[in-house]
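**Student:** Next up, start_22.cif (mmCIF, C-alpha atoms).
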```cif
data_coords
#
loop_
_atom_site.label_atom_id
_atom_site.label_comp_id
_atom_site.auth_asym_id
_atom_site.auth_seq_id
_atom_site.Cartn_x
_atom_site.Cartn_y
_atom_site.Cartn_z
CA MET A 271 23.42 -31.77 -11.77
CA GLN A 272 22.64 -29.87 -14.98
CA THR A 273 19.25 -28.18 -14.63
CA LYS A 274 17.13 -26.07 -16.96
CA THR A 275 14.36 -23.97 -15.42
CA ASP A 276 12.54 -20.65 -15.66
CA ALA A 277 13.68 -18.01 -13.18
CA ILE A 278 12.87 -14.52 -11.88
CA VAL A 279 15.78 -12.23 -11.00
CA LEU A 280 15.45 -10.74 -7.51
CA HIS A 281 18.81 -9.10 -6.83
CA ALA A 282 22.30 -8.82 -8.30
CA ILE A 283 25.54 -7.53 -6.85
CA LYS A 284 28.99 -7.15 -8.37
CA TYR A 285 31.51 -9.81 -7.32
CA GLY A 286 35.09 -9.04 -8.31
CA GLU A 287 35.80 -7.48 -11.69
CA GLN A 288 33.90 -9.79 -14.04
CA LYS A 289 31.29 -11.62 -11.99
CA LEU A 290 27.90 -11.06 -10.43
CA ILE A 291 26.19 -12.81 -7.55
CA VAL A 292 22.57 -13.10 -8.65
CA ASP A 293 19.68 -14.20 -6.44
CA MET A 294 16.79 -15.74 -8.35
CA PHE A 295 13.52 -17.45 -7.61
CA THR A 296 13.34 -20.45 -9.91
CA ARG A 297 10.35 -22.58 -10.88
CA GLU A 298 12.03 -25.94 -10.24
CA LEU A 299 14.58 -25.17 -7.52
CA GLY A 300 13.05 -22.38 -5.44
CA ARG A 301 15.33 -19.58 -4.24
CA GLN A 302 18.91 -19.94 -5.47
CA SER A 303 22.06 -17.81 -5.66
CA PHE A 304 24.26 -18.00 -8.74
CA VAL A 305 27.75 -16.83 -9.62
CA VAL A 306 27.57 -15.33 -13.09
CA PRO A 307 30.63 -14.53 -15.23
CA ILE A 308 30.09 -11.32 -17.18
CA SER A 309 32.16 -10.69 -20.27
CA LYS A 310 32.47 -7.36 -22.06
CA SER A 311 32.31 -9.24 -25.34
CA GLY A 312 29.10 -8.75 -27.31
CA HIS A 313 29.11 -12.46 -28.09
CA SER A 314 28.76 -13.58 -24.47
CA LYS A 315 25.68 -15.69 -23.65
CA LEU A 316 25.38 -14.08 -20.21
CA LYS A 317 24.63 -10.41 -20.74
CA LYS A 318 24.65 -8.03 -17.78
CA GLN A 319 21.27 -6.56 -18.75
CA TYR A 320 19.66 -9.97 -18.20
CA PHE A 321 20.09 -9.57 -14.46
CA GLN A 322 17.96 -6.50 -13.80
CA PRO A 323 15.34 -6.98 -11.03
CA LEU A 324 12.28 -9.02 -12.08
CA THR A 325 13.77 -10.07 -15.43
CA LEU A 326 12.18 -13.33 -16.59
CA LEU A 327 14.73 -15.88 -17.77
CA THR A 328 15.16 -19.47 -18.80
CA ILE A 329 18.45 -20.61 -17.28
CA GLU A 330 20.76 -23.59 -17.42
CA ALA A 331 22.81 -24.18 -14.29
CA ASP A 332 25.12 -26.66 -12.65
CA VAL A 333 23.35 -27.19 -9.32
CA ARG A 334 25.31 -28.87 -6.54
CA GLN A 335 23.76 -29.11 -3.10
CA PRO A 336 24.48 -28.02 -0.44
CA SER A 337 26.60 -25.37 -2.15
CA SER A 338 25.32 -21.84 -1.45
CA LEU A 339 26.49 -20.57 -4.86
CA GLN A 340 25.49 -22.37 -8.03
CA LYS A 341 27.16 -21.99 -11.44
CA LEU A 342 25.07 -20.40 -14.16
CA ARG A 343 25.87 -21.80 -17.60
CA ASP A 344 23.37 -20.05 -19.86
CA ALA A 345 20.44 -17.63 -19.73
CA THR A 346 17.88 -16.49 -22.29
CA LEU A 347 15.06 -13.99 -21.96
CA LEU A 348 11.72 -15.61 -21.28
CA GLN A 349 9.93 -12.35 -22.04
CA PRO A 350 11.40 -8.86 -22.54
CA LEU A 351 10.14 -6.31 -20.00
CA THR A 352 10.18 -3.22 -22.18
CA SER A 353 7.65 -0.98 -20.45
CA LEU A 354 8.44 -2.15 -16.91
CA LEU A 355 12.05 -1.01 -17.26
CA ALA A 356 11.29 2.16 -19.21
CA GLU A 357 8.30 3.76 -17.47
CA PRO A 358 9.20 5.42 -14.12
CA ALA A 359 6.02 4.38 -12.28
CA LYS A 360 6.28 0.76 -13.38
CA LEU A 361 10.01 0.73 -12.65
CA ALA A 362 9.38 1.95 -9.10
CA ILE A 363 6.77 -0.78 -8.56
CA GLY A 364 9.11 -3.37 -10.04
CA LEU A 365 12.03 -2.39 -7.81
CA PHE A 366 9.74 -2.47 -4.79
CA MET A 367 8.42 -5.92 -5.75
CA ALA A 368 11.92 -7.29 -6.32
CA GLU A 369 13.18 -6.01 -2.95
CA PHE A 370 10.08 -7.29 -1.18
CA LEU A 371 10.39 -10.73 -2.78
CA TRP A 372 14.13 -10.85 -2.08
CA HIS A 373 13.35 -10.71 1.64
CA ALA A 374 10.02 -12.58 1.66
CA LEU A 375 11.33 -15.57 -0.33
CA ARG A 376 14.68 -15.83 1.46
CA ASN A 377 14.19 -19.50 2.42
CA GLU A 378 11.56 -20.48 -0.13
CA GLN A 379 11.85 -23.96 -1.60
CA CYS A 380 10.33 -25.13 -4.87
CA ASN A 381 6.79 -23.73 -5.09
CA VAL A 382 5.48 -23.89 -8.63
CA GLN A 383 2.17 -22.16 -7.84
CA LEU A 384 3.99 -19.27 -6.18
CA PHE A 385 6.43 -18.93 -9.07
CA ASP A 386 3.60 -18.90 -11.61
CA TYR A 387 1.70 -16.27 -9.59
CA VAL A 388 4.71 -13.94 -9.47
CA ARG A 389 5.52 -14.46 -13.14
CA LEU A 390 1.95 -13.83 -14.30
CA SER A 391 1.80 -10.72 -12.10
CA ILE A 392 4.97 -9.33 -13.69
CA GLU A 393 3.61 -10.05 -17.17
CA TRP A 394 0.29 -8.36 -16.33
CA LEU A 395 2.08 -5.21 -15.15
CA GLU A 396 4.30 -5.21 -18.23
CA ASP A 397 1.28 -5.27 -20.55
CA ARG A 398 -0.91 -2.81 -18.62
CA GLN A 399 -1.09 0.74 -19.97
CA ALA A 400 -3.01 2.46 -17.13
CA ASP A 401 -4.96 1.94 -13.89
CA TYR A 402 -2.26 0.04 -12.00
CA ALA A 403 -1.72 2.35 -9.00
CA ASN A 404 -3.13 -0.33 -6.66
CA PHE A 405 -1.17 -3.15 -8.26
CA HIS A 406 1.44 -3.59 -5.52
CA LEU A 407 -1.26 -3.67 -2.81
CA VAL A 408 -3.26 -6.41 -4.51
CA PHE A 409 -0.07 -8.31 -5.38
CA LEU A 410 1.07 -8.39 -1.75
CA MET A 411 -2.34 -9.33 -0.35
CA HIS A 412 -2.61 -12.37 -2.62
CA LEU A 413 1.08 -13.26 -2.24
CA SER A 414 0.38 -14.04 1.42
CA ARG A 415 -1.84 -16.93 0.30
CA PHE A 416 1.16 -18.73 -1.22
CA LEU A 417 3.33 -18.05 1.84
CA GLY A 418 0.81 -19.58 4.23
CA PHE A 419 -0.72 -16.61 6.08
CA PHE A 420 -3.56 -15.30 3.92
CA PRO A 421 -6.14 -13.85 6.30
CA ASN A 422 -9.04 -15.98 7.51
CA LEU A 423 -12.21 -14.38 6.12
CA THR A 424 -14.56 -15.82 8.74
CA ASP A 425 -16.55 -12.93 10.28
CA ALA A 426 -15.11 -10.58 7.64
CA GLY A 427 -18.61 -9.58 6.50
CA GLN A 428 -19.55 -7.94 9.79
CA LYS A 429 -19.40 -4.14 9.53
CA SER A 430 -18.10 -3.86 13.08
CA ALA A 431 -15.38 -6.52 12.65
CA CYS A 432 -11.82 -5.66 13.66
CA PHE A 433 -8.81 -7.35 12.08
CA ASP A 434 -6.24 -9.12 14.26
CA LEU A 435 -2.91 -8.69 12.45
CA ARG A 436 -1.16 -11.27 14.61
CA ALA A 437 -3.73 -14.02 14.10
CA GLY A 438 -4.70 -13.00 10.57
CA THR A 439 -8.40 -13.15 11.42
CA PHE A 440 -11.39 -10.83 11.56
CA CYS A 441 -12.97 -10.63 15.00
CA ALA A 442 -16.04 -9.11 16.63
CA SER A 443 -14.04 -7.28 19.32
CA PRO A 444 -10.45 -6.02 19.69
CA PRO A 445 -7.85 -8.66 20.71
CA PRO A 446 -5.77 -8.24 23.92
CA HIS A 447 -2.74 -6.72 22.13
CA HIS A 448 -1.96 -3.67 19.98
CA GLU A 449 -1.59 -5.24 16.51
CA TRP A 450 -5.14 -4.91 15.20
CA LEU A 451 -7.20 -2.71 12.88
CA ALA A 452 -10.37 -0.82 13.68
CA PRO A 453 -13.45 -1.66 11.55
CA GLU A 454 -12.93 1.08 8.93
CA GLU A 455 -9.41 -0.07 8.05
CA ALA A 456 -10.40 -3.73 8.42
CA ARG A 457 -13.10 -3.20 5.76
CA ARG A 458 -10.53 -1.72 3.37
CA ILE A 459 -8.25 -4.73 3.82
CA ARG A 460 -11.19 -7.09 3.29
CA LEU A 461 -12.09 -5.25 0.09
CA MET A 462 -8.50 -5.41 -1.13
CA MET A 463 -8.48 -9.19 -0.60
CA SER A 464 -11.58 -9.56 -2.79
CA MET A 465 -10.05 -7.72 -5.75
CA ASP A 466 -7.86 -8.89 -8.60
CA TYR A 467 -5.83 -7.01 -11.21
CA PRO A 468 -8.69 -6.41 -13.71
CA THR A 469 -11.01 -5.01 -11.01
CA MET A 470 -8.63 -3.17 -8.67
CA HIS A 471 -8.96 0.19 -10.48
CA HIS A 472 -12.53 0.44 -9.17
CA LEU A 473 -11.09 1.05 -5.69
CA ARG A 474 -10.25 4.74 -5.55
CA LEU A 475 -7.78 5.50 -2.79
CA SER A 476 -6.37 8.84 -1.73
CA ARG A 477 -2.61 9.14 -1.46
CA SER A 478 -2.75 8.88 2.34
CA ALA A 479 -5.11 5.88 2.22
CA ARG A 480 -2.85 4.06 -0.25
CA HIS A 481 0.21 4.73 1.91
CA ARG A 482 -1.63 3.60 5.03
CA THR A 483 -2.81 0.41 3.33
CA LEU A 484 0.73 -0.44 2.26
CA GLU A 485 1.96 0.30 5.79
CA ILE A 486 -0.63 -2.15 7.17
CA ILE A 487 0.35 -4.87 4.70
CA GLU A 488 4.03 -4.37 5.45
CA THR A 489 3.32 -4.63 9.20
CA TYR A 490 1.33 -7.82 8.56
CA TYR A 491 4.30 -9.37 6.74
CA ARG A 492 6.70 -8.35 9.51
CA LEU A 493 4.50 -10.13 12.05
CA HIS A 494 4.50 -13.34 10.02
CA LEU A 495 8.01 -13.40 8.53
CA PRO A 496 11.04 -13.35 10.88
CA ALA A 497 13.47 -10.43 10.51
CA PHE A 498 11.60 -8.74 7.67
CA PRO A 499 13.35 -5.35 7.31
CA GLU A 500 12.33 -1.86 6.29
CA LEU A 501 12.48 -1.53 2.51
CA ARG A 502 14.71 1.03 0.79
CA SER A 503 12.48 1.29 -2.26
CA LEU A 504 9.37 2.25 -0.30
CA PRO A 505 9.91 6.07 -0.16
CA VAL A 506 10.24 6.19 -3.96
CA LEU A 507 6.97 4.34 -4.35
CA HIS A 508 5.23 6.74 -1.97
CA GLU A 509 6.41 9.72 -3.99
CA LEU A 510 5.07 8.43 -7.28
CA PHE A 511 1.47 7.63 -6.46
CA SER A 512 -0.59 10.61 -5.42
CA ALA A 513 -4.30 10.55 -6.11
#
```
Just give me the structure of the file as structure tokens.
**Tutor:**
Amino acid sequence: MQTKTDAIVLHAIKYGEQKLIVDMFTRELGRQSFVVPISKSGHSKLKKQYFQPLTLLTIEADVRQPSSLQKLRDATLLQPLTSLLAEPAKLAIGLFMAEFLWHALRNEQCNVQLFDYVRLSIEWLEDRQADYANFHLVFLMHLSRFLGFFPNLTDAGQKSACFDLRAGTFCASPPPHHEWLAPEEARRIRLMMSMDYPTMHHLRLSRSARHRTLEIIETYYRLHLPAFPELRSLPVLHELFSA
């Protein structure tokens, strides 16, 4: 079936001499893998630079289920990501996001609201000139809403509330296991959940606090997504953001 849809590139790997295997999250089809012929000719419709992580595309594909590899016929840029690919800090965030999404969306079906959230987040980061050091933290916290395990905010307002990472709930006393946060860290997570991109710069975090917050969020995802691995791009991100 010939299909035209918007797509976000998550990962690409060389396949033979003149092909790529490209994983994308598409608006109409969910997560899909495509075989992409790459020509050295400057006249080719499918240019290798289109398949950098987080590139926003409109694609035309021949989709045949249950094939694991679909045929990509055409691709055009939905929006160029000039600053995201050129600025080291943004590039590090982008690579981290792409790797995170590659694992988190491994079995994701069509989810238009999720696609639109990721796309708008990428566009916001592309256009932002400063004050985006907390971007990846806010992005991941709100991403959990679309994946079905956004924390329950009942009892979140209590100063002495702990946070149960397994259950995704705030609680008055520690649960009978080890995956929970003491009130101080629980309050930081609650605050992060209340923020959005325009307001997140008001939260001033030290380097250690930012690293710890990301560690907590990553642990939370591992508890709720099977076989979620350690991320290769994480050490680079840690090196870049020091308060």
**Student:** Return the single residue from A:Lys317, A:His406, A:His481, A:Arg398 that is closest to Gly364 (chain A), with distances computed using only C-alpha atoms.
**Tutor:**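 With only C-alpha atoms as the atom set, the closest residue is A:His406.
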**Student:** Contacts of Lys318 (chain A) at 12 Å or less, counting all atoms listed in the file, minus same-chain residues fewer than 5 places along, as a VMD selection string?
**Tutor:** chain A and resid 279 282 to 284 288 to 292 306 to 312 323 325 345 to 346
**Student:** Using the chain letters and numbers from the file, which residues does the PyMOL selection byres ((chain A and resi 373-380) around 10) grab, as a count of residues only?
**Tutor:** 32
**Student:** Quick one: of A:Leu435, A:Leu348, A:Leu473, A:Leu339, who's nearest to Thr489 (chain A), counting all atoms listed in the file?
**Tutor:**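 Under the stated criterion, the closest residue is A:Leu435.
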**Student:** Given the file shown, enumerate the residues that the PyMOL selection byres ((chain A and resi 405) around 10) captures and present them as a list in words.
**Tutor:**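 Checked against the file, the PyMOL selection byres ((chain A and resi 405) around 10) matches Lys360, Ile363, Ser391, Trp394, Leu395, Asp401, Tyr402, Ala403, Asn404, His406, Leu407, Val408, Phe409, Leu410, Asp466, Tyr467, Pro468, Met470 and His471 of chain A.
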